[in-house]
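Comments concern the structure below.
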Amino acid sequence: MKPIRILLVDDHNVMRKGLRLLLESQPGFTVVGEAADGRQAIEQAKATNPDVVVLDIAMPNLSGTEAAQRINEMLPNTAIVILSMHSDEGYVMRALRAGAKGYLLKDSAEADLIEAVKTVSTGKAYFSQEISKMLVEDYVREIKARGAEDSYELLTPREREILHLLAEGKSNKDIAATLNLSPYTVETHRRNLQEKLSLHSFAELILYAVRKGVIS
């Protein structure tokens, strides 16, 4: 099996060394480069073309979200995992909009990082358990405050199936092949479910899927 090639970005040397030791202890993982700030991260990503970038959100010269966005534009097949001390939804949404596939809290990085790298390298999203829990609780509070019905109940079984596959990072073409449908039919279902759920971007779709337990 092809090794997962990882670029590690953190402005703290001790943190970076610790994460490198953790990653390299895992069979099938190879750390192909390191960087200490956002600009270096972009240069190293361009030079090494990694499968996964593990990226601190708070760095000098260029923030993690800015670096993530530029790396995502330059290398769309490279999966990005954000490391952060912030657990509020605003930070998570900005990271997803920048193209991140994973979001880990720094205090749980040691427990979650191996699984996160494996998961995002297959195109799926990964969040620290605390992040998933927070998103679900916020969503339940919002639904109660609005006195609204849970919009998930409005989806047909086929739309739920497509939501699940989209949240796993599958393209319309992949979903069409999996479900034996035409790409046009998949696009119609996708448009319908986004309208029903008032979702306007892939980032919002991922957040919704986490809240509903469609993906963890």
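Order determines the names: the first chain of the structure tokens is A, the second B, and so forth; residues in each chain are numbered 1 upward, and ligands are numbered 1 upward as they are shown.
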
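The list of residues with at least one atom within 7 Å of segment 38-42 of chain A, based on only C-alpha atoms and without residues fewer than 2 positions apart in the same chain, reads Val9, Ala35, Ala36, Gln44, Ala45, Lys46, Met59, Pro60, Asn61, Leu62, Ser63, Gly64, Ala67 and Ile71 of chain A.
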
Emit the selected residues as a tab-separated table (two decimals), in the first residue's frame, including C-alpha atoms.
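Once written, again-v1.tsv looks like this:
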```tsv
chain	number	residue	atom	x	y	z
A	9	VAL	CA	3.20	22.83	9.91
A	35	ALA	CA	7.25	24.35	8.09
A	36	ALA	CA	7.13	26.93	10.87
A	44	GLN	CA	6.84	23.20	1.23
A	45	ALA	CA	3.46	22.00	-0.09
A	46	LYS	CA	4.48	23.07	-3.60
A	59	MET	CA	0.95	31.07	12.89
A	60	PRO	CA	3.15	34.07	12.05
A	61	ASN	CA	3.37	35.62	8.54
A	62	LEU	CA	0.24	33.91	7.25
A	63	SER	CA	-2.57	32.26	9.25
A	64	GLY	CA	-3.41	28.58	8.96
A	67	ALA	CA	-2.35	28.97	4.03
A	71	ILE	CA	-2.69	25.14	-0.66
```

**OP:** Skip Gly99 of chain A itself and residues of its chain fewer than 3 positions away, then list as a list in words all residues within 10 Å of it, counting only C-alpha atoms.
**Re:**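 In the requested format, the answer is Thr65, Ala68, Gln69, Arg70, Ile71, Asn72, Glu73, Pro76, Thr78, Ala79, Ile80, Val81, Met93, Arg94, Ala95, Leu96, Gly102, Phe202 and Ala203 of chain A.
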
File of the preceding selection, N, CA and C atoms, as a compact mmCIF listing (two decimals), in the first residue's frame:
```txt
# COMPACT_ATOMS: atom_id res chain seq x y z
N THR A 65 -5.61 29.33 8.17
CA THR A 65 -6.73 29.31 7.23
C THR A 65 -6.34 29.91 5.88
N ALA A 68 -4.16 27.36 4.24
CA ALA A 68 -5.00 26.23 3.79
C ALA A 68 -5.69 26.57 2.48
N GLN A 69 -6.22 27.78 2.39
CA GLN A 69 -6.93 28.19 1.17
C GLN A 69 -6.00 28.17 -0.03
N ARG A 70 -4.79 28.68 0.15
CA ARG A 70 -3.84 28.74 -0.98
C ARG A 70 -3.35 27.35 -1.37
N ILE A 71 -3.11 26.52 -0.36
CA ILE A 71 -2.69 25.14 -0.66
C ILE A 71 -3.81 24.38 -1.36
N ASN A 72 -5.05 24.59 -0.91
CA ASN A 72 -6.20 23.91 -1.52
C ASN A 72 -6.37 24.33 -2.98
N GLU A 73 -6.17 25.62 -3.26
CA GLU A 73 -6.27 26.11 -4.65
C GLU A 73 -5.15 25.53 -5.52
N PRO A 76 -5.53 20.71 -5.09
CA PRO A 76 -6.88 20.31 -4.63
C PRO A 76 -6.99 18.87 -4.16
N THR A 78 -4.77 17.44 -2.20
CA THR A 78 -4.11 17.35 -0.88
C THR A 78 -5.12 17.65 0.22
N ALA A 79 -5.26 16.73 1.17
CA ALA A 79 -6.20 16.91 2.28
C ALA A 79 -5.53 17.71 3.40
N ILE A 80 -6.30 18.60 4.01
CA ILE A 80 -5.75 19.48 5.06
C ILE A 80 -6.45 19.22 6.39
N VAL A 81 -5.64 19.02 7.44
CA VAL A 81 -6.16 18.87 8.81
C VAL A 81 -5.70 20.10 9.60
N MET A 93 -16.04 26.72 10.66
CA MET A 93 -16.60 27.10 9.35
C MET A 93 -15.54 27.75 8.46
N ARG A 94 -14.73 28.65 9.04
CA ARG A 94 -13.68 29.29 8.24
C ARG A 94 -12.68 28.27 7.72
N ALA A 95 -12.34 27.29 8.56
CA ALA A 95 -11.40 26.24 8.15
C ALA A 95 -11.98 25.42 7.00
N LEU A 96 -13.26 25.06 7.10
CA LEU A 96 -13.91 24.27 6.04
C LEU A 96 -14.01 25.07 4.75
N GLY A 102 -10.28 18.25 7.87
CA GLY A 102 -10.28 17.84 9.28
C GLY A 102 -10.05 19.02 10.19
N PHE A 202 -20.30 23.59 0.25
CA PHE A 202 -19.83 22.29 0.73
C PHE A 202 -19.49 22.36 2.22
N ALA A 203 -18.93 23.51 2.65
CA ALA A 203 -18.58 23.67 4.08
C ALA A 203 -19.82 23.55 4.95
```

Original post:
From the list A:Ala111, A:Val52, A:Leu207, A:Val14, which residue is nearest Gly123 of chain A when using only C-alpha atoms?
Top reply: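 Going through A:Ala111, A:Val52, A:Leu207, A:Val14 one by one, the smallest distance to Gly123 of chain A is for A:Val52.
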
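DSSP secondary structure from the backbone places Gly102, Tyr103, Leu104, Leu105, Tyr126 and Phe127 of chain A of segment 90-143 of chain A in strand (DSSP E or B).
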
**OP:** Name all residues at most 10 Å from Asp88 of chain A (count only C-alpha atoms; drop same-chain ones fewer than 4 positions away) and give them as JSON, numbers by chain.
**Re:** {"A": [92, 93, 131, 134, 135, 138]}

Those same residues, written as a compact mmCIF listing (two decimals), in the first residue's frame with N, CA and C atoms?
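Written output follows (result24.txt):
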```txt
# COMPACT_ATOMS: atom_id res chain seq x y z
N VAL A 92 -14.38 26.73 12.92
CA VAL A 92 -14.57 25.49 12.16
C VAL A 92 -15.07 25.82 10.75
N MET A 93 -16.04 26.72 10.66
CA MET A 93 -16.60 27.10 9.35
C MET A 93 -15.54 27.75 8.46
N ILE A 131 -15.47 18.71 19.08
CA ILE A 131 -16.01 19.59 18.04
C ILE A 131 -17.37 19.05 17.56
N MET A 134 -19.97 19.64 20.21
CA MET A 134 -20.33 21.06 20.28
C MET A 134 -21.27 21.45 19.14
N LEU A 135 -20.98 20.97 17.93
CA LEU A 135 -21.81 21.29 16.77
C LEU A 135 -23.22 20.73 16.94
N ASP A 138 -25.06 22.81 19.70
CA ASP A 138 -25.44 24.13 19.18
C ASP A 138 -26.66 24.02 18.27
```
